[in-house]
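Worksheet for the structure shown next.
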Amino acid sequence: MPGANAAIFYQHEAFSTTLPKLMGRNAAGAGFLSGFARHADVERFVAYARTQQEFEHFQAAVGREKPAEWVAHGDVPALTRAGTLFVYSPGLADLGWLRSPAGSGAFGLVGLTHTISSDRVMEDFGRLLTAPLEPWDALICTSQTVKAVVEGVLERWGEFLAARLEAKAVAPRLQLPVIPLGVDCDSFAVSPAARAEFRAQHGIGAEEVAFLFLGRLSFHAKAHPLPMYLALEAAAKRTGKPLALILAGYFFNEAIRGSFLDGARRFCPSVRLVHVDARNPAERAGAWAAADVFTSFSDNIQESFGLAPVEAMAAGLPAVVSDWDGYRDTVLDGETGFCVPSAMPRAGNGFELAQRYLAGADTYDHYIGQAGQSTAIDVGAATEAYVALIGDPALRRRLGDAGRERARRYFDWAVIVRRYQDLWRELADARRRAPGAPGRPYPLRDDPFRTFAPFPSFTIGPATRVETVAVDPAAEVRRIAASGMNSFGLPLLLTREEMDRLVQALARRKVATAGDLVGGFPAARQAAAIRTLGWLAKGNIVRLVRAEGPARL
């Protein structure tokens, strides 16, 4: 029997590695879609996409070995048939409200966290408490640390709502399972020839121990390089061994580039520096092949998982990383590498940073950068880890081999995709067992004709009298519709065939009630028929007369 399936909310930007500003979530998204296409036990792939072009991008990404289905935006019946909508972000609230009129049990919603420090994402978290989400919905957290942060945010927000509304404690109804991001372990197989070629091309000698940092090169938004520079310089002096540092990534601008390169000259002058653009697949593969040790001291709150340490393990490299966020879920200290202690100020010491970001005095980049400036990595512990690996090739091999095995066992996409499908199945079972809430619209995005009912003199209801004004209603419809300012709303009115039927009825009857006119249409089309009467009256094809009784129906 095929595994559990889901419609994938596809936005090309989230699943592409070809963009100029390549982010970790882009690489993770592309990896997920490729892994899902190769390992998901499903009969077809389903994309929830805005446009035909987006759907075609999806088809290209998953291949054509299995059929692909396009679910258009807002097509709730199609999502109900799909059963689950998987969203590559934490933004589930609007989709919960989209589902709500059909009932909260119509289909399941599953989201995923990436960076969780921005104001937009924090707002997404807050809305999880007020949106119509259920226990058969879930927000996947990529690490235990991320789950702890999300739970803390929701707990404090729930306490505020309860106090504000003088109500009982507000708690999230959806689940928060932990499933890490994945990698394609087979793609990290390293050949001796690739290693020799890269090292020769960049002047890295056979005796040099090459350390690799791979990722976005940003001191304010990713990992500040100073602890790495200082520890490498100290390790070079203590061991007397020749060292190289490969910076594989890209700089957002020349100022950041200058800071990184000048910092390397100032703080680790004894270490050979090599920079390659990791957006280039050949350079990226060469860097993995040439390296002896992977290192990354993430110290930034925008980092939530960290895919590069998992890639390093897949490539068979020991990893020296900060004991920070998702890194501690992936790298096992003393088994697949070393985790270096990190420290940040205790709660209560960053209120000014948050207020400046809230007020707009600081941008997001300034906000996370300022927080990172007060976050420390233990340089002494990093130095000890470097020294141990520099002097012991056998230790490097042992940790690297253990990392490769761990990556394949726990983080390969074949494993992660199965965990996704198991979660989707469990949630679907829960949805079938429990009745969902009855359908209700989103009060803040309600039917505009309900929200703004006090605006007009009267509303068009079944008892409204419809008087035909035009001598030839069909000809007048064509004349009015020929103008763009009148035709842009036609897709949400009656179809051409349906309107012809309505116009024929008007021509025959001259005077009728709205209820009589729309009663000949199926229930699902009667709202469009009422709207069409308003459109016809706007063009003076018919005249609408208030019914006897209340002014508004």
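In the structure tokens, the first chain shown is A, the next is B, and so on; residue numbers restart at 1 for each chain, and ligands run from 1 in the order shown.
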
Next item on the list: Find the spatial neighbours of segment 25-39 of chain A, counting only C-alpha atoms, within a cut-off of 6 Å - ignore same-chain residues fewer than 6 positions away - and output them as a list in words.
Entry: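 So, after excluding close chain neighbours, the residues are Ala14, Phe15, Ser16, Thr17, Val62, Trp413 and Ala414 of chain A.
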
Next item on the list: Considering only C-alpha atoms, return as a list in words whatever protein or nucleic-acid residues lie within 12 Å of Leu444 of chain A, sequence-local ones (same chain, fewer than 6 positions apart) excluded.
Entry: Asp94, Trp97, Leu98, Thr130, Ala131, Arg450 and Thr451 of chain A

Could you write those residues out with N, CA and C atoms, as a short mmCIF file (atom, residue, chain, number, x, y, z; two decimals), in the first residue's frame?
```
data_model
loop_
_atom_site.label_atom_id
_atom_site.label_comp_id
_atom_site.auth_asym_id
_atom_site.auth_seq_id
_atom_site.Cartn_x
_atom_site.Cartn_y
_atom_site.Cartn_z
N ASP A 94 -3.24 31.46 8.27
CA ASP A 94 -4.13 31.82 7.16
C ASP A 94 -4.72 30.59 6.50
N TRP A 97 -7.60 29.30 8.47
CA TRP A 97 -8.83 30.06 8.22
C TRP A 97 -9.38 29.76 6.83
N LEU A 98 -8.49 29.49 5.86
CA LEU A 98 -8.97 29.10 4.53
C LEU A 98 -9.77 27.80 4.62
N THR A 130 -4.53 31.55 17.95
CA THR A 130 -5.86 32.11 17.67
C THR A 130 -6.48 31.58 16.38
N ALA A 131 -5.71 30.89 15.57
CA ALA A 131 -6.24 30.32 14.34
C ALA A 131 -6.95 29.00 14.63
N ARG A 450 -21.32 40.73 4.32
CA ARG A 450 -21.77 40.66 5.70
C ARG A 450 -21.10 41.78 6.51
N THR A 451 -19.79 41.90 6.35
CA THR A 451 -19.03 42.89 7.12
C THR A 451 -19.53 44.31 6.86
#
```

Next item on the list: Compare A:Arg425, A:Phe160, A:Gly436, A:Ala282 by their minimum atom-to-atom distance to Arg99 of chain A, counting only C-alpha atoms, and give me the closest one.
Entry: A:Gly436

Note to self: For the structure I just gave you, how does DSSP split segment 139-310 of chain A - specifically, which residues are strand (DSSP E)? Reply as a ChimeraX atom specification.
What the structure shows: /A:139-140,209-214,243-248,271-276,293-296

Next item on the list: Within segment 340-395 of chain A, find each residue whose DSSP state, derived from the backbone, is helix (DSSP H, G or I), and express the selection as a PyMOL selection string.
Entry: chain A and resi 351-359+364-373+379-390+393-395

Note to self: Show me, as a ChimeraX atom specification, the residues that have an atom within 6 Å of segment 290-304 of chain A when counting only C-alpha atoms, minus same-chain residues fewer than 2 positions from it.
What the structure shows: /A:115,117,195,199,210-213,222-223,287-288,317-322,325-326,372

Next item on the list: Just the residues within 7 Å of segment 170-178 of chain A, please, counting only C-alpha atoms, with nothing from its chain fewer than 6 positions along; format it as a ChimeraX atom specification.
Entry: /A:128-129,133-144,147,155,158-159,161-162

Next item on the list: Calculate how many Å separate atom CA of Tyr357 of chain A from atom CA of Gly369 of chain A, rounding to one decimal.
Entry: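 For atom CA of Tyr357 of chain A relative to atom CA of Gly369 of chain A, the distance reads 11.5 Å.
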
Checklist line | Near-Glu467 of chain A list (9 Å; only C-alpha atoms; drop same-chain fewer than 3 positions) as an MDAnalysis selection string | finding: chainID A and resid 506 509:513 541:545

Check: Which is closest to Arg431 of chain A among A:Thr84, A:Glu69, A:Val271, A:Gly63, if we use only C-alpha atoms?
Finding: A:Thr84

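With distances restricted to only C-alpha atoms, A:Thr239 is the closest residue to Ala388 of chain A from A:Thr239, A:Gln52, A:Ala523, A:Ser100.
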
Next item on the list: Show which residues sit within 10 Å of segment 2-6 of chain A, as JSON, numbers by chain. Count only C-alpha atoms, and ignore same-chain residues fewer than 4 positions away.
Entry: {"A": [40, 41, 42, 43, 44, 45, 46, 47, 48, 79, 81, 82, 83, 84, 85, 86, 87, 107, 108, 109, 110, 418, 420, 421, 422, 423, 424, 425, 426, 428]}
